[in-house]
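**Student:** Got upload03.cif for you, mmCIF, C-alpha atoms:
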data_coords
loop_
_atom_site.group_PDB
_atom_site.id
_atom_site.type_symbol
_atom_site.label_atom_id
_atom_site.label_comp_id
_atom_site.auth_asym_id
_atom_site.auth_seq_id
_atom_site.Cartn_x
_atom_site.Cartn_y
_atom_site.Cartn_z
ATOM 1 C CA MET A 1 103.918 102.050 128.799
ATOM 2 C CA LYS A 2 102.064 100.975 125.682
ATOM 3 C CA THR A 3 102.353 97.313 124.736
ATOM 4 C CA ILE A 4 102.581 95.942 121.210
ATOM 5 C CA GLN A 5 98.902 95.024 121.583
ATOM 6 C CA HIS A 6 97.946 98.647 122.267
ATOM 7 C CA LYS A 7 100.077 99.939 119.395
ATOM 8 C CA SER A 8 98.704 97.361 116.967
ATOM 9 C CA ALA A 9 95.136 98.331 117.924
ATOM 10 C CA ALA A 10 95.849 101.998 117.192
ATOM 11 C CA VAL A 11 97.579 101.262 113.880
ATOM 12 C CA ALA A 12 94.802 98.876 112.808
ATOM 13 C CA GLY A 13 92.144 101.443 113.707
ATOM 14 C CA VAL A 14 93.821 104.239 111.747
ATOM 15 C CA SER A 15 94.435 101.902 108.797
ATOM 16 C CA LEU A 16 90.787 100.820 108.704
ATOM 17 C CA LEU A 17 89.643 104.443 108.636
ATOM 18 C CA ILE A 18 92.121 105.325 105.862
ATOM 19 C CA MET A 19 90.949 102.263 103.939
ATOM 20 C CA THR A 20 87.313 103.308 104.282
ATOM 21 C CA VAL A 21 87.999 106.784 102.879
ATOM 22 C CA ALA A 22 90.066 105.324 100.022
ATOM 23 C CA ALA A 23 87.306 102.817 99.189
ATOM 24 C CA PHE A 24 84.650 105.538 99.121
ATOM 25 C CA PHE A 25 86.824 107.574 96.772
ATOM 26 C CA SER A 26 88.049 104.808 94.463
ATOM 27 C CA TYR A 27 84.943 102.664 94.183
ATOM 28 C CA GLY A 28 82.091 104.785 95.479
ATOM 29 C CA PHE A 29 83.054 107.939 93.587
ATOM 30 C CA VAL A 30 85.492 107.399 90.697
ATOM 31 C CA HIS A 31 84.668 103.840 89.605
ATOM 32 C CA SER A 32 80.914 104.342 89.760
ATOM 33 C CA SER A 33 81.254 107.626 87.846
ATOM 34 C CA LEU A 34 83.428 106.329 85.004
ATOM 35 C CA VAL A 35 82.166 102.781 84.496
ATOM 36 C CA VAL A 36 78.793 102.450 82.781
ATOM 37 C CA ALA A 37 77.435 98.926 83.203
ATOM 38 C CA GLY A 38 76.705 97.295 79.867
ATOM 39 C CA ASP A 39 78.052 100.204 77.812
ATOM 40 C CA GLY A 40 81.664 99.659 76.823
ATOM 41 C CA GLU A 41 81.858 102.621 74.462
ATOM 42 C CA ALA A 42 80.629 105.074 77.107
ATOM 43 C CA THR A 43 83.014 103.579 79.657
ATOM 44 C CA LEU A 44 85.948 103.874 77.246
ATOM 45 C CA ARG A 45 85.114 107.520 76.531
ATOM 46 C CA ASN A 46 84.757 108.269 80.255
ATOM 47 C CA ILE A 47 88.118 106.714 81.118
ATOM 48 C CA GLN A 48 89.851 108.488 78.233
ATOM 49 C CA ALA A 49 88.351 111.835 79.247
ATOM 50 C CA GLY A 50 88.979 111.188 82.941
ATOM 51 C CA SER A 51 92.316 109.387 82.706
ATOM 52 C CA VAL A 52 93.702 111.323 85.678
ATOM 53 C CA TRP A 53 90.723 110.303 87.800
ATOM 54 C CA PHE A 54 91.080 106.682 86.701
ATOM 55 C CA GLY A 55 94.752 106.792 87.661
ATOM 56 C CA MET A 56 93.796 108.218 91.054
ATOM 57 C CA GLU A 57 91.295 105.383 91.482
ATOM 58 C CA ILE A 58 94.101 102.869 90.983
ATOM 59 C CA VAL A 59 96.281 104.756 93.478
ATOM 60 C CA GLY A 60 93.389 104.553 95.939
ATOM 61 C CA TRP A 61 93.209 100.785 95.460
ATOM 62 C CA VAL A 62 96.952 100.513 96.075
ATOM 63 C CA VAL A 63 96.433 102.398 99.350
ATOM 64 C CA ILE A 64 93.690 99.909 100.226
ATOM 65 C CA VAL A 65 95.962 96.940 99.480
ATOM 66 C CA ILE A 66 98.732 98.379 101.669
ATOM 67 C CA THR A 67 96.401 99.171 104.567
ATOM 68 C CA ASP A 68 94.828 95.709 104.267
ATOM 69 C CA LEU A 69 98.276 94.164 104.750
ATOM 70 C CA VAL A 70 98.869 96.391 107.779
ATOM 71 C CA VAL A 71 95.476 95.499 109.280
ATOM 72 C CA ALA A 72 96.040 91.768 108.721
ATOM 73 C CA TRP A 73 99.270 91.828 110.739
ATOM 74 C CA CYS A 74 98.034 94.241 113.417
ATOM 75 C CA LEU A 75 94.917 92.144 114.075
ATOM 76 C CA VAL A 76 97.117 89.091 114.590
ATOM 77 C CA LEU A 77 99.143 91.012 117.180
ATOM 78 C CA PHE A 78 96.042 92.428 118.869
ATOM 79 C CA LEU A 79 93.993 89.214 119.016
ATOM 80 C CA LYS A 80 96.819 86.736 119.696
ATOM 81 C CA PRO A 81 96.727 87.166 123.498
ATOM 82 C CA PHE A 82 93.029 86.192 123.434
ATOM 83 C CA ASP A 83 93.103 83.348 120.903
ATOM 84 C CA ARG A 84 96.377 82.512 119.161
ATOM 85 C CA VAL A 85 94.871 80.097 116.626
ATOM 86 C CA GLY A 86 91.890 82.330 115.839
ATOM 87 C CA ALA A 87 94.166 85.357 115.432
ATOM 88 C CA TRP A 88 96.383 83.588 112.907
ATOM 89 C CA ILE A 89 93.434 82.156 110.976
ATOM 90 C CA GLY A 90 91.757 85.567 110.814
ATOM 91 C CA GLY A 91 94.969 87.313 109.801
ATOM 92 C CA GLY A 92 95.786 84.620 107.251
ATOM 93 C CA LEU A 93 92.376 84.917 105.606
ATOM 94 C CA ARG A 94 92.791 88.676 105.296
ATOM 95 C CA LEU A 95 96.257 88.239 103.840
ATOM 96 C CA VAL A 96 94.960 85.849 101.166
ATOM 97 C CA TYR A 97 92.085 88.251 100.447
ATOM 98 C CA THR A 98 94.581 91.086 100.012
ATOM 99 C CA VAL A 99 96.591 89.060 97.497
ATOM 100 C CA VAL A 100 93.382 88.397 95.539
ATOM 101 C CA LEU A 101 92.510 92.110 95.706
ATOM 102 C CA ALA A 102 95.955 93.040 94.368
ATOM 103 C CA ILE A 103 95.418 90.679 91.432
ATOM 104 C CA ALA A 104 92.017 92.280 90.825
ATOM 105 C CA VAL A 105 93.518 95.784 90.847
ATOM 106 C CA SER A 106 96.099 94.715 88.253
ATOM 107 C CA HIS A 107 93.186 94.280 85.829
ATOM 108 C CA LEU A 108 92.291 97.952 86.333
ATOM 109 C CA ALA A 109 95.833 98.874 85.321
ATOM 110 C CA VAL A 110 95.367 96.784 82.168
ATOM 111 C CA ALA A 111 92.081 98.610 81.484
ATOM 112 C CA GLY A 112 93.823 101.962 81.894
ATOM 113 C CA ARG A 113 96.573 101.005 79.456
ATOM 114 C CA ALA A 114 94.014 99.753 76.919
ATOM 115 C CA ALA A 115 92.031 102.995 77.196
ATOM 116 C CA GLY A 116 95.190 105.042 76.653
ATOM 117 C CA ASN A 117 96.247 102.993 73.636
ATOM 118 C CA PRO A 118 95.040 104.366 70.279
ATOM 119 C CA ASP A 119 94.335 100.772 69.248
ATOM 120 C CA GLY A 120 92.542 99.944 72.502
ATOM 121 C CA THR A 121 88.925 98.873 72.204
ATOM 122 C CA ALA A 122 85.875 99.107 74.422
ATOM 123 C CA VAL A 123 85.773 95.307 74.518
ATOM 124 C CA GLU A 124 89.296 95.172 75.977
ATOM 125 C CA VAL A 125 88.539 97.841 78.559
ATOM 126 C CA MET A 126 85.249 96.308 79.682
ATOM 127 C CA GLY A 127 86.823 92.845 79.749
ATOM 128 C CA SER A 128 89.521 94.041 82.142
ATOM 129 C CA ILE A 129 87.022 95.919 84.311
ATOM 130 C CA ALA A 130 84.780 92.844 84.449
ATOM 131 C CA ALA A 131 87.823 90.774 85.455
ATOM 132 C CA PHE A 132 88.570 93.264 88.245
ATOM 133 C CA GLU A 133 85.022 93.064 89.578
ATOM 134 C CA ASP A 134 84.830 89.259 89.313
ATOM 135 C CA VAL A 135 88.189 88.615 90.995
ATOM 136 C CA TRP A 136 87.459 91.169 93.730
ATOM 137 C CA SER A 137 84.068 89.584 94.366
ATOM 138 C CA LEU A 138 85.747 86.196 94.745
ATOM 139 C CA GLY A 139 88.147 87.740 97.241
ATOM 140 C CA LEU A 140 85.282 89.251 99.229
ATOM 141 C CA ILE A 141 84.043 85.728 99.973
ATOM 142 C CA LEU A 142 87.323 85.172 101.836
ATOM 143 C CA PHE A 143 87.040 88.622 103.393
ATOM 144 C CA GLY A 144 83.667 87.605 104.810
ATOM 145 C CA PHE A 145 85.184 84.514 106.419
ATOM 146 C CA HIS A 146 87.921 86.734 107.865
ATOM 147 C CA LEU A 147 85.348 89.017 109.499
ATOM 148 C CA MET A 148 83.418 86.055 110.910
ATOM 149 C CA VAL A 149 86.582 84.608 112.470
ATOM 150 C CA VAL A 150 87.575 87.988 113.932
ATOM 151 C CA GLY A 151 84.027 88.465 115.227
ATOM 152 C CA TYR A 152 84.074 85.016 116.834
ATOM 153 C CA VAL A 153 87.388 85.733 118.556
ATOM 154 C CA ALA A 154 86.073 89.152 119.623
ATOM 155 C CA VAL A 155 82.984 87.573 121.222
ATOM 156 C CA ARG A 156 85.169 85.181 123.204
ATOM 157 C CA THR A 157 87.515 87.850 124.556
ATOM 158 C CA GLY A 158 85.075 89.352 127.026
ATOM 159 C CA TYR A 159 86.761 92.730 126.452
ATOM 160 C CA ILE A 160 85.348 93.760 123.088
ATOM 161 C CA PRO A 161 81.709 94.964 123.242
ATOM 162 C CA LYS A 162 79.241 92.290 122.131
ATOM 163 C CA PRO A 163 77.424 94.593 119.651
ATOM 164 C CA VAL A 164 80.719 95.261 117.850
ATOM 165 C CA SER A 165 81.567 91.553 117.779
ATOM 166 C CA ILE A 166 78.123 90.506 116.540
ATOM 167 C CA LEU A 167 78.150 93.188 113.826
ATOM 168 C CA LEU A 168 81.495 91.824 112.620
ATOM 169 C CA ILE A 169 80.003 88.342 112.324
ATOM 170 C CA LEU A 170 76.916 89.665 110.530
ATOM 171 C CA ALA A 171 79.088 91.720 108.172
ATOM 172 C CA GLY A 172 81.220 88.693 107.389
ATOM 173 C CA PHE A 173 78.149 86.545 106.782
ATOM 174 C CA GLY A 174 76.784 89.230 104.452
ATOM 175 C CA TYR A 175 79.970 89.496 102.390
ATOM 176 C CA THR A 176 80.352 85.726 102.033
ATOM 177 C CA LEU A 177 76.692 85.101 101.203
ATOM 178 C CA ILE A 178 76.258 87.965 98.732
ATOM 179 C CA HIS A 179 79.499 87.446 96.871
ATOM 180 C CA GLY A 180 79.143 83.678 96.968
ATOM 181 C CA ILE A 181 75.825 84.035 95.142
ATOM 182 C CA TYR A 182 77.252 86.700 92.824
ATOM 183 C CA THR A 183 80.226 84.484 91.912
ATOM 184 C CA PHE A 184 78.677 81.035 91.727
ATOM 185 C CA MET A 185 75.008 81.794 90.977
ATOM 186 C CA PRO A 186 75.047 84.960 88.840
ATOM 187 C CA SER A 187 71.545 84.254 87.527
ATOM 188 C CA LEU A 188 70.182 85.165 90.988
ATOM 189 C CA GLU A 189 71.068 88.831 90.550
ATOM 190 C CA SER A 190 67.740 90.043 91.957
ATOM 191 C CA VAL A 191 68.324 88.003 95.124
ATOM 192 C CA THR A 192 71.813 89.479 95.454
ATOM 193 C CA HIS A 193 70.468 93.038 95.221
ATOM 194 C CA LEU A 194 67.809 92.293 97.860
ATOM 195 C CA LEU A 195 70.387 90.813 100.231
ATOM 196 C CA GLU A 196 72.631 93.832 99.723
ATOM 197 C CA LEU A 197 69.790 96.142 100.751
ATOM 198 C CA ILE A 198 69.060 94.042 103.850
ATOM 199 C CA LEU A 199 72.673 93.517 104.949
ATOM 200 C CA MET A 200 74.136 96.850 103.806
ATOM 201 C CA ALA A 201 74.066 98.444 107.268
ATOM 202 C CA PRO A 202 75.827 95.671 109.237
ATOM 203 C CA MET A 203 78.309 95.156 106.378
ATOM 204 C CA PHE A 204 79.338 98.805 106.586
ATOM 205 C CA VAL A 205 79.027 99.387 110.323
ATOM 206 C CA GLY A 206 80.656 96.081 111.306
ATOM 207 C CA GLU A 207 84.243 96.722 110.312
ATOM 208 C CA ILE A 208 84.235 100.519 110.559
ATOM 209 C CA GLY A 209 82.727 100.231 114.051
ATOM 210 C CA PHE A 210 85.476 97.795 115.023
ATOM 211 C CA GLY A 211 88.072 100.181 113.612
ATOM 212 C CA ILE A 212 86.735 103.078 115.680
ATOM 213 C CA TRP A 213 86.639 100.881 118.798
ATOM 214 C CA LEU A 214 90.249 99.789 118.214
ATOM 215 C CA LEU A 215 91.355 103.405 117.885
ATOM 216 C CA VAL A 216 89.354 104.774 120.823
ATOM 217 C CA ARG A 217 89.269 101.892 123.321
ATOM 218 C CA GLY A 218 91.423 99.055 122.006
ATOM 219 C CA ARG A 219 94.620 101.086 122.226
ATOM 220 C CA LYS A 220 93.879 101.679 125.929
ATOM 221 C CA LEU A 221 92.667 98.160 126.720
ATOM 222 C CA THR A 222 93.607 96.879 130.164
ATOM 223 C CA MET A 223 93.405 93.110 130.610
ATOM 224 C CA ASP A 224 92.635 91.881 134.106
#
Rewrite the structure from the file as structure tokens, please.
**Tutor:**
Amino acid sequence: MKTIQHKSAAVAGVSLLIMTVAAFFSYGFVHSSLVVAGDGEATLRNIQAGSVWFGMEIVGWVVIVITDLVVAWCLVLFLKPFDRVGAWIGGGLRLVYTVVLAIAVSHLAVAGRAAGNPDGTAVEVMGSIAAFEDVWSLGLILFGFHLMVVGYVAVRTGYIPKPVSILLILAGFGYTLIHGIYTFMPSLESVTHLLELILMAPMFVGEIGFGIWLLVRGRKLTMD
């Protein structure tokens, strides 16, 4: 019979994969296609011409927020038998991050309304998009701490493969470092880009690898 730990591992794994697809669509495809850095007029025209796509981007972010909430709770249930305190800290950090992300996404909704308003201006739209990116970046600092805590708990379990655990810690370190510099030292933009190139692989593989492990092995985990 499956325990709540097995079920939570499966749900967390599926949610992480759904979240990854939604993030690729919303940020990697739509956002990067419509938003032109430093060009408010072009961005306004793109959003007006692609209003349906922009709306779908926001829907994708809502999916991400929902799956983040699911993952936060499922990771608490999965990790609690190994480390109760660590599980709650990790889950709590992800919950706070998700609240910050939801606030960030609300700025995209404001940008969409401004773009659809005949009196809306490029300055309004770009201001809201910049607010989205700044608030999200602040949240990703917390997200990095969440991954480091989860990675630390994973290392201590003895059941989760060390490479997966270490990649989680590296991913968390990357998120916190990069977005800490981006948020608090924006003048070091060249350093941020270099760090992103160096840490891109572990930042991507860390959590998605953990999600795949949860779905394939975590849901069948047998504790001695």
**Student:** When you look at A:Ile4 with a cut-off of 9 Å (counting all atoms listed in the file), what residues show up, excluding the ones that are within fewer than 5 positions of it in the same chain? I need them as a PyMOL selection string.
**Tutor:** chain A and resi 9+77-78
**Student:** Do a neighbour search on A:Leu69 at 8 Å with only C-alpha atoms, toss out local chain neighbours closer than 4 positions, and write the hits as a list in words.
**Tutor:**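 Here the answer would be Val65, Trp73, Arg94, Leu95 and Thr98 of chain A.
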**Student:** Evaluate the PyMOL selection byres ((chain A and resi 167) around 9) on the structure here and hand back the selected residues as a compact mmCIF listing (two decimals) with C-alpha atoms, keeping the file's coordinate frame.
**Tutor:**
# COMPACT_ATOMS: atom_id res chain seq x y z
CA GLY A 151 84.03 88.46 115.23
CA LYS A 162 79.24 92.29 122.13
CA PRO A 163 77.42 94.59 119.65
CA VAL A 164 80.72 95.26 117.85
CA SER A 165 81.57 91.55 117.78
CA ILE A 166 78.12 90.51 116.54
CA LEU A 168 81.50 91.82 112.62
CA ILE A 169 80.00 88.34 112.32
CA LEU A 170 76.92 89.66 110.53
CA ALA A 171 79.09 91.72 108.17
CA GLY A 172 81.22 88.69 107.39
CA PRO A 202 75.83 95.67 109.24
CA MET A 203 78.31 95.16 106.38
CA VAL A 205 79.03 99.39 110.32
CA GLY A 206 80.66 96.08 111.31
CA GLU A 207 84.24 96.72 110.31
CA GLY A 209 82.73 100.23 114.05
CA PHE A 210 85.48 97.80 115.02
**Student:** Can you pull out every residue within 9 Å of A:Ala104, counting only C-alpha atoms, but drop anything in the same chain fewer than 4 positions away, and send it as a ChimeraX atom specification?
**Tutor:** /A:99-100,108,129,131-136,139
**Student:** Write out as a list of chain:residue names which residues come within 7 Å of A:Leu75 when counting only C-alpha atoms, dropping same-chain ones fewer than 4 positions away.
**Tutor:**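 Neighbouring residues, sequence-local ones excluded: A:Ala12, A:Val71, A:Leu79, A:Ala87, A:Gly91.
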